[in-house]
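Quick look at query_34.pdb (PDB, C-alpha atoms):
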ATOM      1  CA  MET A1365     139.967  76.822 125.891
ATOM      2  CA  LYS A1366     141.776  74.378 128.111
ATOM      3  CA  ASP A1367     145.094  75.276 126.486
ATOM      4  CA  ALA A1368     144.404  78.959 126.998
ATOM      5  CA  LEU A1369     143.672  78.510 130.699
ATOM      6  CA  LEU A1370     146.830  76.545 131.231
ATOM      7  CA  ASP A1371     148.875  79.207 129.514
ATOM      8  CA  GLY A1372     147.195  81.915 131.472
ATOM      9  CA  ASN A1373     147.575  80.310 134.899
ATOM     10  CA  GLN A1374     151.065  78.963 134.614
ATOM     11  CA  GLY A1375     152.659  81.448 132.276
ATOM     12  CA  PRO A1376     155.412  80.585 129.832
ATOM     13  CA  GLN A1377     157.800  77.942 131.154
ATOM     14  CA  ALA A1378     160.999  76.645 129.622
ATOM     15  CA  SER A1379     161.328  72.906 129.201
ATOM     16  CA  PRO A1380     164.188  71.300 131.121
ATOM     17  CA  SER A1381     166.178  70.966 127.922
ATOM     18  CA  GLU A1382     165.410  74.426 126.509
ATOM     19  CA  GLY A1383     168.540  76.461 125.998
ATOM     20  CA  THR A1384     170.789  73.355 126.117
ATOM     21  CA  PRO A1385     172.081  72.210 122.716
ATOM     22  CA  PRO A1386     171.519  68.534 121.954
ATOM     23  CA  ASP A1387     174.460  66.187 122.329
ATOM     24  CA  PRO A1388     175.458  65.259 118.757
ATOM     25  CA  ALA A1389     177.139  62.073 120.050
ATOM     26  CA  LYS A1390     173.792  60.664 121.166
ATOM     27  CA  SER A1391     171.163  59.516 118.728
ATOM     28  CA  PRO A1392     167.446  59.808 119.572
ATOM     29  CA  ARG A1393     167.499  56.064 120.183
ATOM     30  CA  ASP A1394     170.229  56.519 122.830
ATOM     31  CA  VAL A1395     168.221  59.266 124.511
ATOM     32  CA  ARG A1396     165.078  57.164 124.574
ATOM     33  CA  ARG A1397     166.808  54.089 125.961
ATOM     34  CA  GLY A1398     169.206  55.946 128.188
ATOM     35  CA  GLY A1399     172.007  53.415 127.371
ATOM     36  CA  THR A1400     174.272  51.958 124.741
ATOM     37  CA  ASP A1401     173.090  51.701 121.155
ATOM     38  CA  TRP A1402     173.910  48.010 120.738
ATOM     39  CA  TRP A1403     172.862  47.922 117.086
ATOM     40  CA  ALA A1404     175.370  50.664 116.295
ATOM     41  CA  GLU A1405     178.043  48.730 118.195
ATOM     42  CA  VAL A1406     177.308  45.555 116.211
ATOM     43  CA  LYS A1407     177.469  47.469 112.931
ATOM     44  CA  GLY A1408     180.780  49.033 113.944
ATOM     45  CA  ILE A1409     182.294  45.626 114.746
ATOM     46  CA  PHE A1410     180.944  44.221 111.475
ATOM     47  CA  TRP A1411     182.597  46.952 109.403
ATOM     48  CA  LEU A1412     185.842  46.590 111.346
ATOM     49  CA  ILE A1413     185.938  42.834 110.656
ATOM     50  CA  LEU A1414     185.124  43.474 106.997
ATOM     51  CA  ILE A1415     187.999  45.972 106.694
ATOM     52  CA  VAL A1416     190.459  43.560 108.344
ATOM     53  CA  LEU A1417     189.374  40.678 106.101
ATOM     54  CA  GLY A1418     189.612  42.915 103.055
ATOM     55  CA  PHE A1419     193.142  43.958 104.022
ATOM     56  CA  HIS A1420     194.126  40.309 104.588
ATOM     57  CA  SER A1421     192.584  39.290 101.264
ATOM     58  CA  PHE A1422     193.957  41.961  98.957
ATOM     59  CA  ILE A1423     196.893  43.778 100.610
ATOM     60  CA  ALA A1424     198.858  41.722 103.143
ATOM     61  CA  LYS A1425     198.418  39.204 105.917
ATOM     62  CA  PRO A1426     200.530  37.730 108.730
ATOM     63  CA  PHE A1427     201.897  34.216 108.419
ATOM     64  CA  TYR A1428     203.299  31.826 111.017
ATOM     65  CA  ILE A1429     206.123  29.377 110.237
ATOM     66  CA  PRO A1430     205.031  25.951 111.548
ATOM     67  CA  SER A1431     207.818  23.725 110.183
ATOM     68  CA  GLU A1432     211.572  23.597 109.538
ATOM     69  CA  SER A1433     211.299  23.140 105.766
ATOM     70  CA  MET A1434     212.794  26.580 105.088
ATOM     71  CA  LEU A1435     215.797  26.420 107.401
ATOM     72  CA  PRO A1436     218.195  28.133 107.734
ATOM     73  CA  GLY A1437     216.443  31.294 106.555
ATOM     74  CA  LEU A1438     213.143  30.704 108.338
ATOM     75  CA  GLN A1439     212.666  29.112 111.741
ATOM     76  CA  VAL A1440     209.623  27.678 113.484
ATOM     77  CA  GLY A1441     208.086  30.555 115.432
ATOM     78  CA  ASP A1442     208.854  33.264 112.861
ATOM     79  CA  ARG A1443     205.992  35.638 112.069
ATOM     80  CA  LEU A1444     206.020  37.111 108.574
ATOM     81  CA  VAL A1445     204.262  39.638 106.415
ATOM     82  CA  VAL A1446     202.960  38.220 103.123
ATOM     83  CA  SER A1447     201.966  40.630 100.349
ATOM     84  CA  LYS A1448     198.766  39.417  98.662
ATOM     85  CA  PHE A1449     199.020  41.690  95.608
ATOM     86  CA  ALA A1450     202.529  40.721  94.427
ATOM     87  CA  TYR A1451     201.255  38.331  91.728
ATOM     88  CA  GLY A1452     197.677  39.564  91.455
ATOM     89  CA  TRP A1453     194.703  37.841  93.044
ATOM     90  CA  SER A1454     193.250  34.369  92.575
ATOM     91  CA  PHE A1455     190.711  32.040  94.147
ATOM     92  CA  VAL A1456     193.024  31.447  97.155
ATOM     93  CA  SER A1457     193.386  35.181  97.915
ATOM     94  CA  PRO A1458     190.177  35.931  99.879
ATOM     95  CA  THR A1459     190.230  35.340 103.616
ATOM     96  CA  ILE A1460     186.796  33.873 104.400
ATOM     97  CA  PRO A1461     186.275  32.731 108.023
ATOM     98  CA  ASP A1462     184.844  29.229 108.405
ATOM     99  CA  PRO A1463     182.730  29.197 111.616
ATOM    100  CA  ILE A1464     182.677  25.385 111.799
ATOM    101  CA  SER A1465     186.480  25.091 111.551
ATOM    102  CA  ILE A1466     186.934  27.910 114.051
ATOM    103  CA  PHE A1467     184.613  26.166 116.526
ATOM    104  CA  ARG A1468     186.322  22.805 116.046
ATOM    105  CA  GLY A1469     189.801  24.283 116.378
ATOM    106  CA  ALA A1470     189.265  26.887 119.107
ATOM    107  CA  VAL A1471     186.578  25.240 121.239
ATOM    108  CA  LEU A1472     186.828  21.484 120.609
ATOM    109  CA  ARG A1473     190.635  21.586 120.122
ATOM    110  CA  GLN A1474     190.363  19.339 117.077
ATOM    111  CA  PRO A1475     193.024  19.467 114.341
ATOM    112  CA  VAL A1476     191.854  21.479 111.319
ATOM    113  CA  ASP A1477     193.702  22.470 108.155
ATOM    114  CA  SER A1478     192.600  26.088 108.291
ATOM    115  CA  TRP A1479     190.116  28.398 109.966
ATOM    116  CA  SER A1480     189.244  29.826 106.559
ATOM    117  CA  ALA A1481     186.943  28.594 103.819
ATOM    118  CA  GLN A1482     188.199  28.504 100.247
ATOM    119  CA  LEU A1483     186.542  29.312  96.961
ATOM    120  CA  PRO A1484     186.375  26.575  94.299
ATOM    121  CA  PHE A1485     189.225  26.586  91.779
ATOM    122  CA  ILE A1486     188.984  29.465  89.304
ATOM    123  CA  LYS A1487     191.522  29.539  86.486
ATOM    124  CA  GLY A1488     193.595  32.682  86.057
ATOM    125  CA  ARG A1489     194.541  35.629  88.240
ATOM    126  CA  LEU A1490     193.239  39.170  88.367
ATOM    127  CA  PHE A1491     196.119  41.469  87.301
ATOM    128  CA  GLY A1492     198.221  38.307  87.459
ATOM    129  CA  SER A1493     201.947  37.920  86.939
ATOM    130  CA  LEU A1494     204.458  35.130  87.433
ATOM    131  CA  PRO A1495     206.847  35.228  90.397
ATOM    132  CA  THR A1496     210.547  35.839  89.976
ATOM    133  CA  ARG A1497     212.829  32.844  90.300
ATOM    134  CA  GLY A1498     214.027  32.727  93.918
ATOM    135  CA  ASP A1499     210.945  34.361  95.489
ATOM    136  CA  VAL A1500     209.677  32.876  98.762
ATOM    137  CA  VAL A1501     205.950  32.286  98.330
ATOM    138  CA  ILE A1502     202.883  31.023 100.149
ATOM    139  CA  VAL A1503     201.180  28.199  98.267
ATOM    140  CA  THR A1504     198.065  26.098  98.803
ATOM    141  CA  PRO A1505     198.523  22.562  97.403
ATOM    142  CA  PRO A1506     195.774  21.617  94.922
ATOM    143  CA  GLY A1507     192.721  20.169  96.635
ATOM    144  CA  THR A1508     193.749  21.275 100.131
ATOM    145  CA  HIS A1509     193.216  24.220 102.485
ATOM    146  CA  THR A1510     196.707  24.204 103.996
ATOM    147  CA  ASP A1511     199.241  26.960 103.320
ATOM    148  CA  TYR A1512     202.875  25.995 102.667
ATOM    149  CA  ILE A1513     205.866  28.278 102.302
ATOM    150  CA  LYS A1514     208.477  27.415  99.657
ATOM    151  CA  ARG A1515     210.927  28.962  97.199
ATOM    152  CA  VAL A1516     210.320  29.349  93.466
ATOM    153  CA  ILE A1517     212.968  27.352  91.567
ATOM    154  CA  GLY A1518     211.440  26.587  88.167
ATOM    155  CA  LEU A1519     209.231  28.662  85.853
ATOM    156  CA  PRO A1520     206.943  27.683  82.948
ATOM    157  CA  GLY A1521     208.840  26.034  80.104
ATOM    158  CA  ASP A1522     211.901  25.150  82.216
ATOM    159  CA  ARG A1523     213.395  21.688  81.885
ATOM    160  CA  LEU A1524     214.120  20.715  85.483
ATOM    161  CA  GLU A1525     215.681  17.750  87.208
ATOM    162  CA  VAL A1526     217.462  16.997  90.469
ATOM    163  CA  ARG A1527     220.487  14.685  90.524
ATOM    164  CA  SER A1528     222.245  13.776  93.784
ATOM    165  CA  GLY A1529     220.708  16.861  95.365
ATOM    166  CA  VAL A1530     221.877  19.226  92.590
ATOM    167  CA  VAL A1531     219.164  21.176  90.754
ATOM    168  CA  ILE A1532     219.632  21.213  86.979
ATOM    169  CA  LEU A1533     217.760  23.899  85.038
ATOM    170  CA  ASN A1534     217.613  23.722  81.254
ATOM    171  CA  GLY A1535     220.665  21.489  81.152
ATOM    172  CA  GLN A1536     222.800  23.632  83.472
ATOM    173  CA  ALA A1537     223.500  22.723  87.096
ATOM    174  CA  VAL A1538     222.560  25.465  89.543
ATOM    175  CA  ARG A1539     225.790  26.851  90.985
ATOM    176  CA  ARG A1540     226.527  25.759  94.550
ATOM    177  CA  GLY A1541     229.165  27.081  96.904
ATOM    178  CA  ARG A1542     231.318  25.188  99.362
ATOM    179  CA  VAL A1543     229.787  23.513 102.395
ATOM    180  CA  HIS A1544     229.889  25.704 105.475
ATOM    181  CA  ASP A1545     228.166  25.519 108.860
ATOM    182  CA  THR A1546     225.212  27.497 110.117
ATOM    183  CA  LEU A1547     224.757  27.661 113.890
ATOM    184  CA  ILE A1548     221.145  27.975 114.981
ATOM    185  CA  PRO A1549     220.411  28.432 118.713
ATOM    186  CA  VAL A1550     218.519  25.498 120.197
ATOM    187  CA  ASP A1551     215.225  26.350 121.897
ATOM    188  CA  THR A1552     211.737  24.926 122.284
ATOM    189  CA  ASN A1553     210.778  25.725 118.679
ATOM    190  CA  THR A1554     214.152  24.519 117.348
ATOM    191  CA  PRO A1555     214.940  21.437 119.442
ATOM    192  CA  CYS A1556     217.507  20.001 116.980
ATOM    193  CA  SER A1557     216.480  16.433 117.774
ATOM    194  CA  ASP A1558     218.953  13.655 117.072
ATOM    195  CA  THR A1559     216.267  11.957 114.963
ATOM    196  CA  ASP A1560     216.036  14.823 112.491
ATOM    197  CA  TYR A1561     219.595  16.134 112.718
ATOM    198  CA  PRO A1562     221.915  13.350 113.927
ATOM    199  CA  GLY A1563     224.959  14.713 115.732
ATOM    200  CA  ALA A1564     224.100  18.340 114.967
ATOM    201  CA  ARG A1565     223.418  19.421 118.554
ATOM    202  CA  GLU A1566     226.501  21.025 120.066
ATOM    203  CA  THR A1567     227.429  22.954 123.220
ATOM    204  CA  LEU A1568     229.772  25.859 122.620
ATOM    205  CA  GLY A1569     232.484  26.954 125.014
ATOM    206  CA  SER A1570     230.176  29.704 126.272
ATOM    207  CA  GLY A1571     227.653  27.057 127.316
ATOM    208  CA  LYS A1572     225.230  28.013 124.550
ATOM    209  CA  ILE A1573     223.576  25.032 122.810
ATOM    210  CA  VAL A1574     223.355  25.289 119.026
ATOM    211  CA  CYS A1575     222.339  23.188 116.052
ATOM    212  CA  ARG A1576     225.289  22.971 113.628
ATOM    213  CA  LEU A1577     223.865  22.413 110.154
ATOM    214  CA  PRO A1578     225.854  21.890 106.923
ATOM    215  CA  THR A1579     224.913  24.693 104.539
ATOM    216  CA  ILE A1580     225.385  25.283 100.825
ATOM    217  CA  THR A1581     224.762  28.631  99.116
ATOM    218  CA  GLU A1582     222.797  28.121  95.911
ATOM    219  CA  THR A1583     222.835  30.683  93.077
ATOM    220  CA  LEU A1584     220.084  30.662  90.467
ATOM    221  CA  PRO A1585     220.605  31.677  86.819
ATOM    222  CA  ASN A1586     219.289  35.192  87.530
ATOM    223  CA  GLY A1587     222.001  35.723  90.183
ATOM    224  CA  ARG A1588     219.747  35.448  93.228
ATOM    225  CA  HIS A1589     221.298  33.338  95.976
ATOM    226  CA  TYR A1590     220.318  31.933  99.367
ATOM    227  CA  ASP A1591     221.419  29.217 101.798
ATOM    228  CA  THR A1592     220.166  25.638 101.749
ATOM    229  CA  ILE A1593     220.667  22.826 104.265
ATOM    230  CA  GLU A1594     222.313  19.645 102.931
ATOM    231  CA  LEU A1595     222.036  16.711 105.341
ATOM    232  CA  GLY A1596     222.882  13.859 102.982
ATOM    233  CA  TRP A1597     220.787  11.531 100.867
ATOM    234  CA  SER A1598     216.987  11.794 100.837
ATOM    235  CA  PRO A1599     214.308  10.520  98.409
ATOM    236  CA  GLY A1600     214.026  13.994  96.866
ATOM    237  CA  ASP A1601     217.691  14.086  95.822
ATOM    238  CA  ASP A1602     216.778  12.538  92.472
ATOM    239  CA  TYR A1603     213.790  13.818  90.527
ATOM    240  CA  GLY A1604     212.727  14.240  86.916
ATOM    241  CA  PRO A1605     213.548  15.422  84.378
ATOM    242  CA  ILE A1606     210.290  17.241  83.692
ATOM    243  CA  THR A1607     209.177  20.224  81.633
ATOM    244  CA  ILE A1608     207.217  22.700  83.729
ATOM    245  CA  PRO A1609     203.791  23.353  82.116
ATOM    246  CA  ALA A1610     202.503  26.787  81.207
ATOM    247  CA  ASP A1611     201.271  28.865  84.175
ATOM    248  CA  HIS A1612     202.922  26.486  86.672
ATOM    249  CA  VAL A1613     205.884  26.900  89.000
ATOM    250  CA  PHE A1614     208.204  24.397  90.660
ATOM    251  CA  LEU A1615     208.764  24.995  94.378
ATOM    252  CA  MET A1616     211.338  23.631  96.813
ATOM    253  CA  GLY A1617     212.127  24.161 100.488
ATOM    254  CA  ASP A1618     215.582  25.415 101.498
ATOM    255  CA  ASN A1619     215.934  22.563 104.003
ATOM    256  CA  ARG A1620     216.268  20.207 101.054
ATOM    257  CA  ASP A1621     216.202  16.900 102.928
ATOM    258  CA  ARG A1622     213.362  17.896 105.293
ATOM    259  CA  SER A1623     210.942  19.544 102.881
ATOM    260  CA  ALA A1624     207.766  18.152 101.292
ATOM    261  CA  ASP A1625     207.584  20.239  98.125
ATOM    262  CA  SER A1626     207.087  19.858  94.359
ATOM    263  CA  ARG A1627     209.320  16.757  94.358
ATOM    264  CA  TYR A1628     206.766  14.813  96.396
ATOM    265  CA  SER A1629     203.197  13.695  95.701
ATOM    266  CA  LEU A1630     200.124  15.031  97.478
ATOM    267  CA  VAL A1631     199.808  11.643  99.208
ATOM    268  CA  GLU A1632     203.279  12.250 100.687
ATOM    269  CA  GLN A1633     202.100  15.687 101.928
ATOM    270  CA  GLY A1634     204.020  17.344  99.092
ATOM    271  CA  LEU A1635     202.833  19.695  96.346
ATOM    272  CA  GLY A1636     202.337  17.016  93.708
ATOM    273  CA  GLY A1637     204.783  18.403  91.127
ATOM    274  CA  PRO A1638     204.655  21.864  89.512
ATOM    275  CA  VAL A1639     201.880  23.956  91.031
ATOM    276  CA  PRO A1640     199.353  26.097  89.091
ATOM    277  CA  TYR A1641     200.230  29.717  89.678
ATOM    278  CA  GLU A1642     196.609  30.287  90.741
ATOM    279  CA  ASN A1643     197.511  28.423  93.945
ATOM    280  CA  LEU A1644     200.080  31.027  95.004
ATOM    281  CA  GLY A1645     198.714  33.071  97.890
ATOM    282  CA  GLY A1646     201.376  35.772  97.970
ATOM    283  CA  ARG A1647     205.034  36.644  98.441
ATOM    284  CA  ALA A1648     206.818  36.543 101.808
ATOM    285  CA  GLU A1649     208.364  39.950 102.504
ATOM    286  CA  PHE A1650     210.001  40.140 105.940
ATOM    287  CA  VAL A1651     209.977  38.756 109.479
ATOM    288  CA  THR A1652     208.011  40.876 111.942
ATOM    289  CA  PHE A1653     209.072  38.989 115.087
ATOM    290  CA  SER A1654     210.007  35.488 116.208
ATOM    291  CA  LEU A1655     209.204  33.425 119.311
ATOM    292  CA  ASP A1656     211.281  30.610 120.801
ATOM    293  CA  GLY A1657     208.227  28.666 121.988
ATOM    294  CA  ASP A1658     208.524  29.331 125.718
ATOM    295  CA  ALA A1659     205.741  31.927 125.927
ATOM    296  CA  SER A1660     202.563  31.032 127.800
ATOM    297  CA  LEU A1661     199.213  32.763 128.311
ATOM    298  CA  ASN A1662     200.938  34.880 130.956
ATOM    299  CA  PRO A1663     201.845  38.205 129.251
ATOM    300  CA  LEU A1664     204.947  38.461 131.464
ATOM    301  CA  THR A1665     206.505  35.587 129.481
ATOM    302  CA  TRP A1666     206.005  37.160 126.065
ATOM    303  CA  TRP A1667     208.951  39.552 126.081
ATOM    304  CA  GLY A1668     211.413  36.904 127.245
ATOM    305  CA  SER A1669     210.269  34.555 124.460
ATOM    306  CA  LEU A1670     211.249  36.954 121.669
ATOM    307  CA  ARG A1671     214.256  35.905 119.610
ATOM    308  CA  SER A1672     216.698  38.754 119.216
ATOM    309  CA  GLY A1673     217.864  39.792 115.769
ATOM    310  CA  ARG A1674     214.973  38.262 113.801
ATOM    311  CA  ALA A1675     212.635  41.243 113.465
ATOM    312  CA  GLY A1676     212.938  43.036 110.154
ATOM    313  CA  THR A1677     214.813  40.212 108.393
ATOM    314  CA  SER A1678     214.138  40.516 104.636
ATOM    315  CA  LEU A1679     212.977  37.372 102.852
ATOM    316  CA  HIS A1680     214.019  38.582  99.414
ATOM    317  CA  PRO A1681     217.073  36.624  98.210
ATOM    318  CA  THR A1682     220.333  38.495  97.771
ATOM    319  CA  GLU A1683     221.273  39.271  94.183
ATOM    320  CA  ALA A1684     224.836  38.845  92.928
ATOM    321  CA  GLU A1685     226.558  42.015  91.828
ATOM    322  CA  LYS A1686     226.715  42.324  88.065
TER     323      LYS A1686
END
What is this file in structure tokens?
Amino acid sequence: MKDALLDGNQGPQASPSEGTPPDPAKSPRDVRRGGTDWWAEVKGIFWLILIVLGFHSFIAKPFYIPSESMLPGLQVGDRLVVSKFAYGWSFVSPTIPDPISIFRGAVLRQPVDSWSAQLPFIKGRLFGSLPTRGDVVIVTPPGTHTDYIKRVIGLPGDRLEVRSGVVILNGQAVRRGRVHDTLIPVDTNTPCSDTDYPGARETLGSGKIVCRLPTITETLPNGRHYDTIELGWSPGDDYGPITIPADHVFLMGDNRDRSADSRYSLVEQGLGGPVPYENLGGRAEFVTFSLDGDASLNPLTWWGSLRSGRAGTSLHPTEAEK
């Protein structure tokens, strides 16, 4: 009866929203709260992070060059793209953020090996394959969380030794060209200190300061060649002979006298000999951009810190014409 009286006295009335189609962009929760749907925002960020981590883990990831062990081809400050699928996937492939390491590194400014956690060692690779001799690869030394970048020199079954700086594979010395100079511009990331490179710092007639480094082109048995730096005697100039075990690779840096690689023990910050191929994280493909070290938090300094001519540089060794 009450409903009938109301209808009779007031007559039919349209609600304020009658005749206006609902906004499909707003959920009922948005309408009720009259603001942002924070839960939807959190879910969106979560899925975005998951997609990025998945891409980093299985497709490709960026890599920063922190040392001079791969001079002259790679300089401190180079940013690279590393393909994660080149040799299949292993226990080092997933990118798993470690909140404790991130907090220690970003907030407390403490030195940490990595901001990522690592799975325990798992033998084998999913869709795995061995690298090609001469590939530049990312490798995690056994028992560590630190990524190194080195070149593949020896493969499973190879008999390898180093004598007076010359690599000998299966009884044959790797072919080396004549010594020639490489001039690398001196900057904050490449200071060319007299301690590391005695007498190498030089001022050209134009006033430009460069690091003049003695270079030897090395050619592997498969015809792939690249430049190496030869500074003189170092402890790694004599090594072996050894036979590389199955599913292991022998890695060396191109800056032969300034590289901790398979010639050095883990205690010496090296790779501890041939490395299980499960510890390879991917293949270096090309340089995206390079910074000279002068950039600050001020965005206006970023453009001026870019090194010209580095972007797009391929990291695949040149192959000799057959």
Next on the checklist: Expand the PyMOL selection byres ((chain A and resi 1483) around 6) into the explicit residue set it covers here, and present it as a PyMOL selection string.
Outcome noted: chain A and resi 1455+1482+1484
Would you write out those residues with C-alpha atoms, as a compact mmCIF listing (two decimals), keeping the file's coordinate frame?
# COMPACT_ATOMS: atom_id res chain seq x y z
CA PHE A 1455 190.71 32.04 94.15
CA GLN A 1482 188.20 28.50 100.25
CA PRO A 1484 186.38 26.58 94.30
Could I get the residues of segment 1467-1572 of chain A with an atom no further than 9 Å from an atom of segment 1600-1621 of chain A, each paired with its nearest atom pair and that distance in Å to one decimal, using only C-alpha atoms, sorted by chain and residue number, as JSON lines?
{"residue": "A:Gly1488", "atom": "CA", "partner": "A:Asp1611", "partner_atom": "CA", "distance": 8.8}
{"residue": "A:Leu1494", "atom": "CA", "partner": "A:Asp1611", "partner_atom": "CA", "distance": 7.7}
{"residue": "A:Pro1495", "atom": "CA", "partner": "A:Val1613", "partner_atom": "CA", "distance": 8.5}
{"residue": "A:Val1501", "atom": "CA", "partner": "A:Leu1615", "partner_atom": "CA", "distance": 8.8}
{"residue": "A:Ile1513", "atom": "CA", "partner": "A:Gly1617", "partner_atom": "CA", "distance": 7.7}
{"residue": "A:Lys1514", "atom": "CA", "partner": "A:Gly1617", "partner_atom": "CA", "distance": 5.0}
{"residue": "A:Arg1515", "atom": "CA", "partner": "A:Leu1615", "partner_atom": "CA", "distance": 5.3}
{"residue": "A:Val1516", "atom": "CA", "partner": "A:Leu1615", "partner_atom": "CA", "distance": 4.7}
{"residue": "A:Ile1517", "atom": "CA", "partner": "A:Leu1615", "partner_atom": "CA", "distance": 5.6}
{"residue": "A:Gly1518", "atom": "CA", "partner": "A:Phe1614", "partner_atom": "CA", "distance": 4.6}
{"residue": "A:Leu1519", "atom": "CA", "partner": "A:Val1613", "partner_atom": "CA", "distance": 4.9}
{"residue": "A:Pro1520", "atom": "CA", "partner": "A:Ala1610", "partner_atom": "CA", "distance": 4.9}
{"residue": "A:Gly1521", "atom": "CA", "partner": "A:Ile1608", "partner_atom": "CA", "distance": 5.2}
{"residue": "A:Asp1522", "atom": "CA", "partner": "A:Ile1608", "partner_atom": "CA", "distance": 5.5}
{"residue": "A:Arg1523", "atom": "CA", "partner": "A:Thr1607", "partner_atom": "CA", "distance": 4.5}
{"residue": "A:Leu1524", "atom": "CA", "partner": "A:Pro1605", "partner_atom": "CA", "distance": 5.4}
{"residue": "A:Glu1525", "atom": "CA", "partner": "A:Pro1605", "partner_atom": "CA", "distance": 4.2}
{"residue": "A:Val1526", "atom": "CA", "partner": "A:Tyr1603", "partner_atom": "CA", "distance": 4.9}
{"residue": "A:Arg1527", "atom": "CA", "partner": "A:Asp1602", "partner_atom": "CA", "distance": 4.7}
{"residue": "A:Ser1528", "atom": "CA", "partner": "A:Asp1601", "partner_atom": "CA", "distance": 5.0}
{"residue": "A:Gly1529", "atom": "CA", "partner": "A:Asp1601", "partner_atom": "CA", "distance": 4.1}
{"residue": "A:Val1530", "atom": "CA", "partner": "A:Asp1601", "partner_atom": "CA", "distance": 7.4}
{"residue": "A:Val1531", "atom": "CA", "partner": "A:Asp1601", "partner_atom": "CA", "distance": 8.8}
{"residue": "A:Ile1532", "atom": "CA", "partner": "A:Pro1605", "partner_atom": "CA", "distance": 8.8}
Checklist entry - Just how far from atom CA of Arg1443 of chain A is atom CA of Gly1673 of chain A, in Å to one decimal? => result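 We find that atom CA of Gly1673 of chain A and atom CA of Arg1443 of chain A lie 13.1 Å from each other.
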Checklist entry - Asp1658 of chain A: which residues within 8 Å, counting all atoms listed in the file, same-chain residues fewer than 6 positions away excluded, as a list of chain:residue names? => result A:Thr1552, A:Thr1665, A:Ser1669
Item to check | Interatomic distance (Å, one decimal) between atom CA of Val1446 of chain A and atom CA of Phe1427 of chain A | outcome: 6.7 Å
Checklist entry - What separation in Å, quoted to one decimal, exists between atom CA of Arg1674 of chain A and atom CA of Gly1441 of chain A? => result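 Taking atom CA of Arg1674 of chain A and atom CA of Gly1441 of chain A, their separation equals 10.5 Å.
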Next on the checklist: Ranking A:Arg1497, A:His1420, A:Phe1653, A:Thr1682 by minimum distance to Leu1670 of chain A and counting all atoms listed in the file, which one comes first?
Outcome noted: A:Phe1653
